[in-house]
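The data block below is target.cif; it holds mmCIF, C-alpha atoms.
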```cif
data_coords
loop_
_atom_site.label_atom_id
_atom_site.label_comp_id
_atom_site.auth_asym_id
_atom_site.auth_seq_id
_atom_site.Cartn_x
_atom_site.Cartn_y
_atom_site.Cartn_z
CA MET A 1 22.47 -1.27 -7.02
CA SER A 2 19.87 -3.94 -7.70
CA SER A 3 19.41 -5.76 -11.01
CA GLU A 4 16.49 -7.69 -12.45
CA SER A 5 18.10 -11.07 -11.70
CA PRO A 6 16.86 -12.77 -8.53
CA ALA A 7 19.54 -13.60 -5.97
CA ILE A 8 17.02 -15.53 -3.85
CA SER A 9 13.78 -17.03 -5.16
CA LEU A 10 11.30 -18.87 -2.95
CA GLN A 11 8.17 -20.56 -4.26
CA ASN A 12 5.51 -21.90 -1.87
CA ILE A 13 7.98 -22.77 0.88
CA SER A 14 6.44 -24.53 3.91
CA LYS A 15 8.15 -26.13 6.90
CA CYS A 16 6.49 -28.53 9.32
CA PHE A 17 8.11 -29.76 12.54
CA GLU A 18 6.98 -32.99 14.20
CA ILE A 19 6.36 -32.50 17.92
CA TYR A 20 6.55 -35.75 19.93
CA HIS A 21 5.20 -35.75 23.49
CA LYS A 22 7.35 -38.73 24.54
CA PRO A 23 10.82 -39.66 23.25
CA HIS A 24 9.94 -43.28 22.42
CA HIS A 25 7.08 -42.09 20.16
CA ARG A 26 9.70 -41.06 17.62
CA LEU A 27 10.91 -44.64 17.35
CA LEU A 28 7.37 -46.04 17.27
CA GLN A 29 6.43 -43.67 14.48
CA GLY A 30 9.04 -45.32 12.29
CA LEU A 31 7.69 -48.75 13.12
CA VAL A 32 4.01 -48.01 12.39
CA ARG A 33 5.07 -46.64 8.96
CA GLY A 34 2.44 -43.92 8.75
CA LYS A 35 -0.53 -46.02 9.86
CA ARG A 36 -0.79 -43.84 12.97
CA GLN A 37 0.43 -40.34 13.72
CA LEU A 38 2.14 -40.12 17.09
CA PHE A 39 3.15 -36.48 16.79
CA ASP A 40 1.59 -33.04 16.53
CA GLU A 41 2.36 -30.92 13.49
CA PHE A 42 3.76 -27.43 13.93
CA TRP A 43 3.90 -25.42 10.71
CA ALA A 44 6.65 -22.85 11.22
CA LEU A 45 6.25 -21.58 7.63
CA GLN A 46 3.34 -21.83 5.22
CA ASP A 47 3.32 -20.93 1.51
CA ILE A 48 6.18 -18.41 1.57
CA SER A 49 6.93 -16.97 -1.87
CA PHE A 50 9.11 -13.98 -2.77
CA ASN A 51 12.04 -12.91 -4.92
CA ILE A 52 15.00 -10.84 -3.75
CA LEU A 53 16.88 -9.24 -6.62
CA GLU A 54 20.65 -9.02 -6.83
CA GLY A 55 21.88 -5.93 -4.99
CA GLU A 56 18.76 -5.47 -2.84
CA THR A 57 18.84 -5.12 0.95
CA VAL A 58 15.69 -6.65 2.42
CA GLY A 59 14.62 -6.61 6.05
CA ILE A 60 12.68 -9.44 7.71
CA ILE A 61 10.56 -8.37 10.68
CA GLY A 62 8.10 -10.16 12.92
CA ARG A 63 7.40 -11.12 16.50
CA ASN A 64 9.21 -13.98 18.26
CA GLY A 65 8.01 -17.29 16.83
CA ALA A 66 6.94 -15.78 13.52
CA GLY A 67 9.28 -18.07 11.56
CA LYS A 68 12.12 -15.66 10.76
CA SER A 69 14.99 -17.90 11.89
CA THR A 70 13.45 -20.95 10.23
CA LEU A 71 13.19 -19.03 6.96
CA LEU A 72 16.83 -17.95 7.13
CA GLN A 73 18.01 -21.49 7.87
CA ILE A 74 16.14 -22.75 4.80
CA ILE A 75 17.73 -20.03 2.66
CA CYS A 76 21.15 -20.99 4.07
CA GLU A 77 20.34 -24.68 3.41
CA THR A 78 20.83 -25.76 7.02
CA LEU A 79 17.15 -26.79 7.04
CA THR A 80 15.20 -28.57 4.32
CA PRO A 81 11.68 -27.28 3.57
CA THR A 82 8.74 -29.66 3.86
CA SER A 83 7.44 -28.42 0.51
CA GLY A 84 8.20 -25.77 -2.06
CA SER A 85 11.32 -24.83 -3.98
CA ILE A 86 14.17 -22.43 -3.36
CA LYS A 87 16.86 -21.11 -5.67
CA VAL A 88 19.88 -19.14 -4.45
CA ASN A 89 22.34 -17.62 -6.94
CA GLY A 90 25.74 -16.99 -5.41
CA ARG A 91 27.77 -17.75 -2.31
CA VAL A 92 25.86 -17.19 0.94
CA ALA A 93 27.53 -16.13 4.20
CA ALA A 94 25.26 -16.17 7.23
CA LEU A 95 25.48 -14.83 10.76
CA LEU A 96 22.62 -16.62 12.49
CA GLU A 97 22.26 -17.57 16.17
CA LEU A 98 25.35 -17.05 18.33
CA GLY A 99 27.91 -19.80 17.94
CA ALA A 100 26.39 -21.30 14.77
CA GLY A 101 29.19 -22.98 12.83
CA PHE A 102 31.61 -22.87 15.77
CA ASN A 103 32.95 -25.75 17.84
CA PRO A 104 33.05 -24.49 21.45
CA GLU A 105 36.02 -26.72 22.30
CA PHE A 106 38.19 -25.31 19.48
CA SER A 107 40.18 -22.11 19.74
CA GLY A 108 39.24 -18.99 17.84
CA HIS A 109 42.16 -19.73 15.47
CA ASP A 110 40.85 -23.21 14.65
CA ASN A 111 37.27 -22.01 14.32
CA ILE A 112 38.32 -19.41 11.74
CA TYR A 113 39.62 -22.19 9.52
CA MET A 114 36.61 -24.44 10.14
CA TYR A 115 33.95 -21.73 9.72
CA ALA A 116 35.55 -20.22 6.61
CA ALA A 117 35.85 -23.71 5.10
CA LEU A 118 32.13 -24.26 5.70
CA LEU A 119 31.53 -21.02 3.78
CA GLY A 120 33.50 -22.31 0.78
CA LEU A 121 37.08 -21.08 1.21
CA SER A 122 40.10 -23.30 0.68
CA ARG A 123 42.75 -23.57 3.41
CA GLU A 124 45.14 -21.53 1.28
CA GLU A 125 42.57 -18.75 0.86
CA ILE A 126 41.88 -18.74 4.60
CA SER A 127 45.60 -18.47 5.39
CA GLN A 128 45.90 -15.47 3.07
CA LYS A 129 43.03 -13.73 4.83
CA TYR A 130 43.80 -14.90 8.38
CA ASP A 131 45.63 -11.80 9.64
CA SER A 132 42.93 -9.53 8.24
CA ILE A 133 40.19 -11.62 9.91
CA VAL A 134 41.97 -11.50 13.28
CA GLY A 135 42.49 -7.75 12.94
CA PHE A 136 38.82 -7.18 12.12
CA ALA A 137 37.67 -9.30 15.11
CA ASP A 138 40.05 -7.47 17.47
CA ILE A 139 39.76 -9.93 20.37
CA GLY A 140 43.47 -9.97 21.22
CA THR A 141 44.99 -13.08 22.80
CA PHE A 142 41.55 -14.69 23.11
CA ILE A 143 42.04 -15.86 19.53
CA GLU A 144 44.05 -18.79 20.98
CA GLN A 145 41.45 -19.62 23.66
CA PRO A 146 38.50 -22.05 23.31
CA VAL A 147 35.46 -20.15 22.10
CA LYS A 148 33.40 -21.61 24.98
CA THR A 149 35.19 -18.99 27.12
CA TYR A 150 34.00 -16.13 24.85
CA SER A 151 31.35 -13.59 25.70
CA SER A 152 28.44 -13.17 23.28
CA GLY A 153 30.08 -10.03 21.93
CA MET A 154 33.32 -11.89 21.19
CA PHE A 155 31.36 -14.63 19.41
CA VAL A 156 29.84 -12.01 17.12
CA ARG A 157 33.17 -10.29 16.52
CA LEU A 158 34.82 -13.49 15.36
CA ALA A 159 31.87 -14.73 13.30
CA PHE A 160 31.34 -11.38 11.55
CA ALA A 161 35.05 -11.04 10.86
CA VAL A 162 34.96 -14.37 9.02
CA ILE A 163 31.88 -13.65 6.89
CA ALA A 164 33.33 -10.23 6.03
CA HIS A 165 36.27 -11.96 4.34
CA VAL A 166 34.73 -14.85 2.39
CA ASP A 167 33.84 -12.80 -0.71
CA ALA A 168 30.16 -13.71 -0.44
CA ASP A 169 27.49 -12.61 -2.88
CA ILE A 170 24.69 -12.76 -0.28
CA LEU A 171 24.89 -11.88 3.41
CA VAL A 172 22.28 -13.11 5.90
CA ILE A 173 22.32 -11.28 9.25
CA ASP A 174 19.99 -12.43 12.06
CA GLU A 175 19.87 -10.03 15.04
CA ALA A 176 23.56 -10.68 15.65
CA LEU A 177 24.66 -7.03 15.78
CA ALA A 178 22.38 -6.37 18.77
CA VAL A 179 24.98 -7.78 21.21
CA GLY A 180 28.09 -5.98 19.94
CA ASP A 181 29.62 -2.86 21.50
CA VAL A 182 29.10 0.46 19.76
CA PHE A 183 32.57 0.58 18.19
CA PHE A 184 32.32 -2.86 16.63
CA THR A 185 28.72 -2.27 15.54
CA GLN A 186 29.81 0.88 13.70
CA LYS A 187 32.65 -1.06 12.05
CA CYS A 188 30.15 -3.72 10.92
CA MET A 189 27.74 -1.12 9.57
CA ARG A 190 30.52 0.52 7.57
CA PHE A 191 31.33 -2.86 6.05
CA LEU A 192 27.65 -3.54 5.29
CA ARG A 193 27.24 -0.13 3.64
CA GLN A 194 30.15 -0.95 1.35
CA PHE A 195 28.80 -4.45 0.70
CA GLN A 196 25.43 -2.95 -0.34
CA LYS A 197 27.11 -1.46 -3.40
CA HIS A 198 27.68 -4.88 -4.99
CA GLY A 199 25.98 -7.57 -2.87
CA THR A 200 22.61 -8.74 -1.59
CA ILE A 201 21.71 -8.55 2.11
CA LEU A 202 18.94 -10.24 4.08
CA PHE A 203 18.69 -8.46 7.43
CA VAL A 204 16.57 -9.61 10.39
CA SER A 205 15.94 -7.23 13.27
CA HIS A 206 13.31 -6.31 15.85
CA ASP A 207 14.50 -2.71 15.54
CA THR A 208 12.18 -1.25 12.91
CA SER A 209 14.25 1.97 12.75
CA SER A 210 17.27 -0.06 11.68
CA VAL A 211 15.20 -1.81 9.02
CA VAL A 212 13.91 1.51 7.67
CA ASN A 213 17.37 3.05 7.74
CA PHE A 214 19.24 0.12 6.23
CA CYS A 215 16.80 -1.76 3.97
CA THR A 216 15.12 -0.77 0.74
CA LYS A 217 12.34 -3.33 1.19
CA ALA A 218 10.90 -5.34 4.06
CA ILE A 219 8.90 -8.53 4.61
CA TRP A 220 6.67 -8.96 7.67
CA LEU A 221 6.27 -12.55 8.85
CA ASP A 222 3.41 -13.42 11.19
CA LYS A 223 2.66 -16.96 12.38
CA GLY A 224 4.63 -18.45 9.54
CA ARG A 225 2.99 -16.46 6.75
CA ILE A 226 3.86 -13.26 4.91
CA LYS A 227 1.62 -10.55 6.37
CA ALA A 228 3.00 -7.72 4.25
CA SER A 229 5.87 -6.92 1.90
CA GLY A 230 7.01 -3.81 0.09
CA GLU A 231 8.81 -0.56 0.86
CA SER A 232 10.44 -0.77 4.30
CA LYS A 233 8.72 2.36 5.64
CA ASP A 234 5.24 1.11 4.73
CA VAL A 235 5.80 -2.41 6.05
CA THR A 236 7.28 -1.29 9.38
CA GLU A 237 4.32 1.04 9.94
CA GLN A 238 1.94 -1.87 9.33
CA TYR A 239 4.01 -4.02 11.70
CA LEU A 240 3.81 -1.35 14.42
CA GLU A 241 0.03 -1.29 14.08
CA GLY A 242 -0.05 -5.08 14.21
CA VAL A 243 1.92 -5.15 17.46
CA TYR A 244 -0.65 -2.86 19.08
CA GLU A 245 -3.50 -4.90 17.64
CA VAL A 246 -2.25 -8.05 19.35
CA SER A 247 -1.18 -6.52 22.66
CA GLN A 248 -4.07 -4.09 23.17
CA GLU A 249 -6.89 -5.54 21.06
CA ILE A 250 -6.89 -2.56 18.72
CA ASP A 251 -8.47 -3.08 15.36
CA GLY A 252 -5.75 -1.07 13.60
CA THR A 253 -8.18 0.96 11.50
CA LYS A 254 -8.48 4.70 11.41
CA GLN A 255 -10.86 6.09 13.99
CA SER A 256 -13.23 8.93 13.06
CA CYS A 257 -12.30 12.32 14.46
CA GLN A 258 -14.80 15.03 15.26
CA SER A 259 -13.42 18.55 15.40
CA LYS A 260 -13.78 20.34 18.71
CA LYS A 261 -13.00 23.92 19.60
CA LYS A 262 -9.54 24.39 21.02
CA GLU A 263 -9.45 25.34 24.70
CA GLU A 264 -6.87 27.74 26.02
CA SER A 265 -4.15 26.26 28.20
CA PRO A 266 -1.85 28.21 30.54
CA GLU A 267 1.84 28.05 29.81
CA SER A 268 3.79 25.60 31.93
CA GLY A 269 6.15 28.29 33.11
CA ARG A 270 9.18 26.13 32.43
CA CYS A 271 12.23 28.28 31.81
CA ILE A 272 14.14 27.53 28.62
CA GLU A 273 17.55 29.06 28.04
CA ALA A 274 17.79 30.58 24.58
CA VAL A 275 20.68 29.43 22.40
CA THR A 276 21.69 31.48 19.37
CA ASP A 277 23.98 30.30 16.62
CA GLN A 278 26.56 33.07 16.17
CA ARG A 279 26.41 32.56 12.41
CA ALA A 280 22.62 32.99 12.33
CA ALA A 281 22.62 36.62 11.20
CA PHE A 282 24.70 35.72 8.16
CA ILE A 283 22.95 32.42 7.37
CA GLN A 284 19.43 33.82 7.67
CA HIS A 285 20.23 36.43 5.02
CA SER A 286 21.84 33.99 2.57
CA ASN A 287 20.74 31.19 0.31
CA LEU A 288 21.84 28.78 3.07
CA ARG A 289 18.86 29.64 5.26
CA ASN A 290 17.02 26.43 6.18
CA ASP A 291 13.54 27.25 4.85
CA LEU A 292 10.90 24.71 5.87
CA GLU A 293 7.58 24.68 4.03
CA ILE A 294 4.88 23.33 6.37
CA PHE A 295 1.65 21.79 5.12
CA ARG A 296 -1.62 21.71 7.06
CA PHE A 297 -2.75 18.89 9.35
CA HIS A 298 -3.77 15.93 7.21
CA GLU A 299 -6.80 14.52 9.07
CA PRO A 300 -7.34 11.52 6.75
CA ALA A 301 -3.72 10.38 7.33
CA LYS A 302 -3.23 6.72 8.16
CA SER A 303 -3.80 6.07 11.86
CA PHE A 304 -4.74 3.48 14.45
CA GLY A 305 -5.76 3.22 18.11
CA THR A 306 -8.63 2.36 20.45
CA GLY A 307 -10.50 5.54 19.53
CA LEU A 308 -11.12 6.35 23.22
CA ALA A 309 -9.21 9.58 22.57
CA THR A 310 -8.76 11.21 19.16
CA ILE A 311 -6.32 13.81 17.89
CA THR A 312 -8.38 16.47 16.16
CA ASN A 313 -5.74 19.02 15.13
CA VAL A 314 -1.98 19.45 14.85
CA ARG A 315 -0.20 22.66 13.89
CA VAL A 316 3.18 24.34 14.00
CA THR A 317 3.17 27.81 15.60
CA ASP A 318 5.49 30.69 16.44
CA ALA A 319 5.90 32.54 19.75
CA SER A 320 2.72 34.57 19.12
CA ASP A 321 0.66 31.38 18.61
CA THR A 322 0.30 32.01 14.87
CA SER A 323 0.10 28.95 12.65
CA LEU A 324 3.15 28.70 10.41
CA THR A 325 3.23 27.74 6.77
CA TRP A 326 6.97 28.41 6.67
CA ALA A 327 9.56 28.01 9.42
CA VAL A 328 13.32 28.38 9.57
CA GLY A 329 15.76 25.79 10.90
CA GLY A 330 17.46 27.03 14.06
CA GLU A 331 14.50 29.20 15.12
CA SER A 332 12.04 28.53 17.95
CA VAL A 333 8.76 26.83 17.01
CA SER A 334 5.98 24.98 18.81
CA ILE A 335 4.05 21.86 17.85
CA GLU A 336 0.47 21.98 19.16
CA ILE A 337 -1.61 18.82 19.43
CA VAL A 338 -5.33 19.01 20.22
CA SER A 339 -6.98 15.83 21.53
CA ALA A 340 -10.63 15.05 22.26
CA LEU A 341 -11.32 12.58 25.08
CA ASN A 342 -14.15 10.15 24.54
CA LYS A 343 -13.84 8.60 28.03
CA PRO A 344 -12.21 9.51 31.37
CA ILE A 345 -8.44 9.03 31.11
CA ASP A 346 -5.84 8.91 33.88
CA ASN A 347 -2.24 9.73 33.03
CA PRO A 348 -2.58 10.71 29.36
CA ILE A 349 0.66 10.76 27.37
CA VAL A 350 0.85 12.92 24.26
CA GLY A 351 3.90 12.85 22.02
CA PHE A 352 5.36 13.41 18.56
CA VAL A 353 8.23 12.18 16.41
CA VAL A 354 9.76 13.77 13.33
CA LYS A 355 10.81 11.36 10.59
CA ASP A 356 12.69 11.75 7.34
CA LYS A 357 11.56 10.43 3.96
CA LEU A 358 12.85 6.93 4.80
CA GLY A 359 10.82 6.82 8.01
CA GLN A 360 13.86 7.18 10.27
CA THR A 361 13.00 8.85 13.58
CA LEU A 362 15.12 12.01 13.90
CA PHE A 363 13.79 13.46 17.13
CA GLY A 364 10.67 13.73 19.25
CA ASP A 365 9.32 13.90 22.78
CA ASN A 366 6.26 13.27 24.93
CA THR A 367 4.62 14.57 28.09
CA TYR A 368 5.31 11.59 30.36
CA LEU A 369 8.28 12.92 32.34
CA THR A 370 6.89 16.46 32.53
CA CYS A 371 3.61 15.26 34.05
CA GLN A 372 4.97 12.35 36.08
CA GLN A 373 4.92 14.23 39.39
CA THR A 374 1.65 16.03 38.66
CA PRO A 375 -0.54 13.56 36.73
CA ILE A 376 -3.65 14.91 35.05
CA ALA A 377 -7.02 13.18 35.37
CA CYS A 378 -9.29 13.98 32.43
CA LYS A 379 -13.06 13.69 32.14
CA GLU A 380 -15.03 12.43 29.19
CA GLY A 381 -15.61 15.30 26.77
CA ASP A 382 -12.47 17.20 27.82
CA THR A 383 -10.14 18.65 25.21
CA LEU A 384 -6.38 18.49 25.76
CA LEU A 385 -4.01 21.06 24.31
CA THR A 386 -0.40 19.90 24.27
CA LYS A 387 2.41 22.21 23.21
CA PHE A 388 6.07 21.34 22.60
CA THR A 389 8.36 24.36 22.16
CA PHE A 390 11.89 23.86 20.86
CA SER A 391 14.52 25.16 18.46
CA MET A 392 13.91 23.52 15.12
CA PRO A 393 17.03 21.60 14.08
CA ILE A 394 18.67 22.44 10.76
CA LEU A 395 17.58 19.79 8.29
CA PRO A 396 18.98 18.53 4.99
CA SER A 397 16.89 19.27 1.92
CA GLY A 398 13.98 16.89 1.41
CA PRO A 399 10.56 15.87 2.76
CA TYR A 400 9.79 15.19 6.43
CA SER A 401 6.73 14.21 8.44
CA VAL A 402 5.46 14.50 12.01
CA SER A 403 3.69 11.52 13.60
CA VAL A 404 1.64 12.24 16.73
CA ALA A 405 0.00 10.04 19.35
CA ILE A 406 -2.05 10.06 22.55
CA ALA A 407 -1.81 7.12 24.94
CA GLU A 408 -2.67 6.27 28.55
CA GLY A 409 -0.42 4.72 31.19
CA THR A 410 3.34 4.85 31.61
CA GLN A 411 6.32 5.10 29.30
CA GLU A 412 6.84 1.32 29.39
CA ASP A 413 3.23 0.11 29.69
CA HIS A 414 0.53 2.10 27.93
CA ILE A 415 -2.57 1.80 25.76
CA GLN A 416 -2.40 3.54 22.41
CA HIS A 417 -5.64 5.50 21.90
CA HIS A 418 -4.74 7.32 18.67
CA TRP A 419 -1.56 7.29 16.60
CA ILE A 420 -1.44 9.26 13.35
CA HIS A 421 1.29 8.59 10.83
CA ASP A 422 2.39 11.67 8.86
CA ALA A 423 -0.07 14.05 10.54
CA ILE A 424 1.92 17.02 9.20
CA VAL A 425 4.30 16.98 6.26
CA PHE A 426 6.95 19.62 5.63
CA GLU A 427 9.69 20.21 3.10
CA SER A 428 13.20 21.50 3.70
CA HIS A 429 14.18 23.64 0.69
CA ALA A 430 17.70 24.78 1.59
CA THR A 431 20.23 24.09 4.29
CA SER A 432 23.56 25.09 5.81
CA LEU A 433 24.03 21.57 7.22
CA SER A 434 27.41 20.11 6.28
CA THR A 435 26.99 16.58 7.65
CA GLY A 436 24.61 14.35 9.58
CA LEU A 437 20.86 13.76 9.65
CA VAL A 438 20.13 16.96 11.59
CA GLY A 439 22.07 20.05 12.60
CA ILE A 440 21.91 22.04 15.84
CA PRO A 441 22.66 25.73 16.46
CA MET A 442 26.27 26.05 17.59
CA GLN A 443 27.03 28.15 20.67
CA SER A 444 30.53 28.80 19.38
CA ILE A 445 33.04 27.62 16.77
CA SER A 446 36.67 28.70 16.90
CA LEU A 447 39.73 28.18 14.71
CA THR A 448 43.06 29.40 16.03
CA THR A 449 46.77 28.77 15.60
CA LEU A 450 48.91 27.84 18.58
#
```
Rewrite the structure of this file - the entire thing - as structure tokens.
Amino acid sequence: MSSESPAISLQNISKCFEIYHKPHHRLLQGLVRGKRQLFDEFWALQDISFNILEGETVGIIGRNGAGKSTLLQIICETLTPTSGSIKVNGRVAALLELGAGFNPEFSGHDNIYMYAALLGLSREEISQKYDSIVGFADIGTFIEQPVKTYSSGMFVRLAFAVIAHVDADILVIDEALAVGDVFFTQKCMRFLRQFQKHGTILFVSHDTSSVVNFCTKAIWLDKGRIKASGESKDVTEQYLEGVYEVSQEIDGTKQSCQSKKKEESPESGRCIEAVTDQRAAFIQHSNLRNDLEIFRFHEPAKSFGTGLATITNVRVTDASDTSLTWAVGGESVSIEIVSALNKPIDNPIVGFVVKDKLGQTLFGDNTYLTCQQTPIACKEGDTLLTKFTFSMPILPSGPYSVSVAIAEGTQEDHIQHHWIHDAIVFESHATSLSTGLVGIPMQSISLTTL
């Protein structure tokens, strides 16, 4: 739980690196004593100011070269800023680039003592925690081998095991968990969830879903400056738009949508096997029924794209094509997306994702695989009707939203024509879900004695 006391406070932090084109220019620069400048200036950070309160978990996002790692090194005091002031209250433990703080010639055993000492522990304290550190890392006999023989995953295991045992007040994590195996990553996340209850975390990741899921706030760095900061869901959405702006020359603003009459579309004919939860008859007649209140398509919702195709309507329907204002978890529903084409488009891709109140993506799909063998060429002025039919998962109580998009190209390389955040919002009012983010209808559950 956060307090009003800042754990990290940065005021007007800037960092300039001197880039010399020839090695001897560095020596000459010292001799000319500032009368000439023999280097180019590269400002990795410019006028960075923010406060992180005690107990907060803050995500740092941005493209490669945005200045994220430089910022973390300044916070960890392994780099000195060119200008500005920084104040850190408490012991900081950092997991930065792989191998940072390790001597590759030393064994894992020796590096534990060296790395923990760098983080402020005495040799006696390290000895008391040594067995627990080795057990957390779980790298077996490799603990006695030089770390230069370690894989990247083993590096992370050992480094994280150390920082998990130094009783830090602030943890700084820089993309390190991306290289671990699933079992160790889950172990680390369990530790971080516990640490959140009393400590401050600065978390850097390119995975915006992880930032939304794990962080209460986020800061978006772009070309060494803060582009946006605030609630993690809002900042990651702005970052997503910014990525498309740069890569596809999209202006990131909402495009105007003109309503067009929906055209009828024949069913695909794909056969879907029905699955019925055996408890459904009981649940649907009890207060555990997962009632979902669905609100109408919100046309002014925040969106971005080229505008060469626009989504004009989104609705949730039943088997008789009737728009639903209420649905029930576990029952079959369809999401219909109507798109107007403002230019000829080859290989359109239409999709949706369902997100929870934190912005975590729960499930979704698109038309790419379905239409891969039979691509559709569309003329200017055409209207596309896309329908996704599925059994609605059982959802915990709370608000949810559906984001929809139409793009052109392939799954890996496409142009985003129109993406609408929170096109439809719905509310789950009751649930039979016992655990997890979503529930699925069970084909059978048995309990017997042997």
Checklist line | Coordinates-based distance that separates atom CA of A:Trp43 from atom CA of A:Asn89 (Å, one decimal) | finding: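 Between atom CA of A:Asn89 and atom CA of A:Trp43 the gap is 26.7 Å.
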Which residues, named as in the file, does the PyMOL selection byres ((chain A and resi 39) around 9) pick out? Answer as a short mmCIF file (atom, residue, chain, number, x, y, z; two decimals) with C-alpha atoms, in the coordinates of the input.
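What follows is the written file result-v4.cif:
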```cif
data_model
loop_
_atom_site.label_atom_id
_atom_site.label_comp_id
_atom_site.auth_asym_id
_atom_site.auth_seq_id
_atom_site.Cartn_x
_atom_site.Cartn_y
_atom_site.Cartn_z
CA GLU A 18 6.98 -32.99 14.20
CA ILE A 19 6.36 -32.50 17.92
CA TYR A 20 6.55 -35.75 19.93
CA HIS A 21 5.20 -35.75 23.49
CA HIS A 25 7.08 -42.09 20.16
CA ARG A 26 9.70 -41.06 17.62
CA GLN A 29 6.43 -43.67 14.48
CA GLN A 37 0.43 -40.34 13.72
CA LEU A 38 2.14 -40.12 17.09
CA ASP A 40 1.59 -33.04 16.53
CA GLU A 41 2.36 -30.92 13.49
#
```
Notebook entry, point to check: Counting all atoms listed in the file, which of A:Thr200, A:Gln145, A:Ser127, A:Thr312 gets nearest to A:Pro300?
Noted result: A:Thr312
Next item on the list: Run the PyMOL selection byres ((chain A and resi 389-401) around 8) on the file and write out the hits as a PyMOL selection string.
Entry: chain A and resi 290+328-335+354-357+387-388+402-403+422-433+437-441
Check: Of the residues A:Ile226, A:Val134, A:Ala159, A:Ile75, which is the one nearest to A:Ala116, using all atoms listed in the file?
Finding: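 Smallest distance to A:Ala116 is found for A:Ala159.
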Checklist line | Residue IDs satisfying the PyMOL selection byres ((chain A and resi 56) around 9), as a ChimeraX atom specification | finding: /A:1-3,7,52-55,57-58,196,199-202,215-217
Output file for the selection above: C-alpha atoms, as a compact mmCIF listing (two decimals), in the frame of the given file:
```
# COMPACT_ATOMS: atom_id res chain seq x y z
CA MET A 1 22.47 -1.27 -7.02
CA SER A 2 19.87 -3.94 -7.70
CA SER A 3 19.41 -5.76 -11.01
CA ALA A 7 19.54 -13.60 -5.97
CA ILE A 52 15.00 -10.84 -3.75
CA LEU A 53 16.88 -9.24 -6.62
CA GLU A 54 20.65 -9.02 -6.83
CA GLY A 55 21.88 -5.93 -4.99
CA THR A 57 18.84 -5.12 0.95
CA VAL A 58 15.69 -6.65 2.42
CA GLN A 196 25.43 -2.95 -0.34
CA GLY A 199 25.98 -7.57 -2.87
CA THR A 200 22.61 -8.74 -1.59
CA ILE A 201 21.71 -8.55 2.11
CA LEU A 202 18.94 -10.24 4.08
CA CYS A 215 16.80 -1.76 3.97
CA THR A 216 15.12 -0.77 0.74
CA LYS A 217 12.34 -3.33 1.19
```
Check: A:Pro348: which residues within 7 Å, counting all atoms listed in the file, same-chain residues fewer than 6 positions away excluded, as a ChimeraX atom specification?
Finding: /A:406-409
Check: Leaving out A:Ile139 and any residue of its chain fewer than 2 positions from it, which residues lie within 12 Å of it when counting all atoms listed in the file, given as an MDAnalysis selection string?
Finding: chainID A and resid 108:109 133:137 141:145 147 150:151 153:159 161 184
Kindly export the residues of the current selection with C-alpha atoms, as an mmCIF file, keeping the file's coordinate frame.
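As a result, part19.cif now contains:
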```
data_model
loop_
_atom_site.group_PDB
_atom_site.id
_atom_site.type_symbol
_atom_site.label_atom_id
_atom_site.label_comp_id
_atom_site.auth_asym_id
_atom_site.auth_seq_id
_atom_site.Cartn_x
_atom_site.Cartn_y
_atom_site.Cartn_z
ATOM 1 C CA GLY A 108 39.240 -18.990 17.840
ATOM 2 C CA HIS A 109 42.160 -19.730 15.470
ATOM 3 C CA ILE A 133 40.190 -11.620 9.910
ATOM 4 C CA VAL A 134 41.970 -11.500 13.280
ATOM 5 C CA GLY A 135 42.490 -7.750 12.940
ATOM 6 C CA PHE A 136 38.820 -7.180 12.120
ATOM 7 C CA ALA A 137 37.670 -9.300 15.110
ATOM 8 C CA THR A 141 44.990 -13.080 22.800
ATOM 9 C CA PHE A 142 41.550 -14.690 23.110
ATOM 10 C CA ILE A 143 42.040 -15.860 19.530
ATOM 11 C CA GLU A 144 44.050 -18.790 20.980
ATOM 12 C CA GLN A 145 41.450 -19.620 23.660
ATOM 13 C CA VAL A 147 35.460 -20.150 22.100
ATOM 14 C CA TYR A 150 34.000 -16.130 24.850
ATOM 15 C CA SER A 151 31.350 -13.590 25.700
ATOM 16 C CA GLY A 153 30.080 -10.030 21.930
ATOM 17 C CA MET A 154 33.320 -11.890 21.190
ATOM 18 C CA PHE A 155 31.360 -14.630 19.410
ATOM 19 C CA VAL A 156 29.840 -12.010 17.120
ATOM 20 C CA ARG A 157 33.170 -10.290 16.520
ATOM 21 C CA LEU A 158 34.820 -13.490 15.360
ATOM 22 C CA ALA A 159 31.870 -14.730 13.300
ATOM 23 C CA ALA A 161 35.050 -11.040 10.860
ATOM 24 C CA PHE A 184 32.320 -2.860 16.630
#
```
Note to self: Could you list, as a list in words, every residue within 9 Å of A:Ile345, counting all atoms listed in the file and ignoring same-chain residues fewer than 4 positions away?
What the structure shows: Leu308, Ala309, Leu341, Ile376, Ala377, Cys378, Lys379, Glu380 and Glu408 of chain A
Residue selection dump (C-alpha atoms) as a compact mmCIF listing (two decimals), keeping the file's coordinate frame:
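File written: again_29.txt
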```txt
# COMPACT_ATOMS: atom_id res chain seq x y z
CA LEU A 308 -11.12 6.35 23.22
CA ALA A 309 -9.21 9.58 22.57
CA LEU A 341 -11.32 12.58 25.08
CA ILE A 376 -3.65 14.91 35.05
CA ALA A 377 -7.02 13.18 35.37
CA CYS A 378 -9.29 13.98 32.43
CA LYS A 379 -13.06 13.69 32.14
CA GLU A 380 -15.03 12.43 29.19
CA GLU A 408 -2.67 6.27 28.55
```
Next item on the list: Work out how far atom CA of A:Ala117 is from atom CA of A:Leu10, in Å to one decimal.
Entry: 26.3 Å
Note to self: I want to know what sits within 12 Å of A:Asp174, based on only C-alpha atoms, with residues of the same chain fewer than 3 positions away left out; could you give that as an NGL selection string?
What the structure shows: :A and (59-61 or 68-73 or 76 or 93-98 or 100 or 156 or 160 or 171 or 177-179 or 201-207)
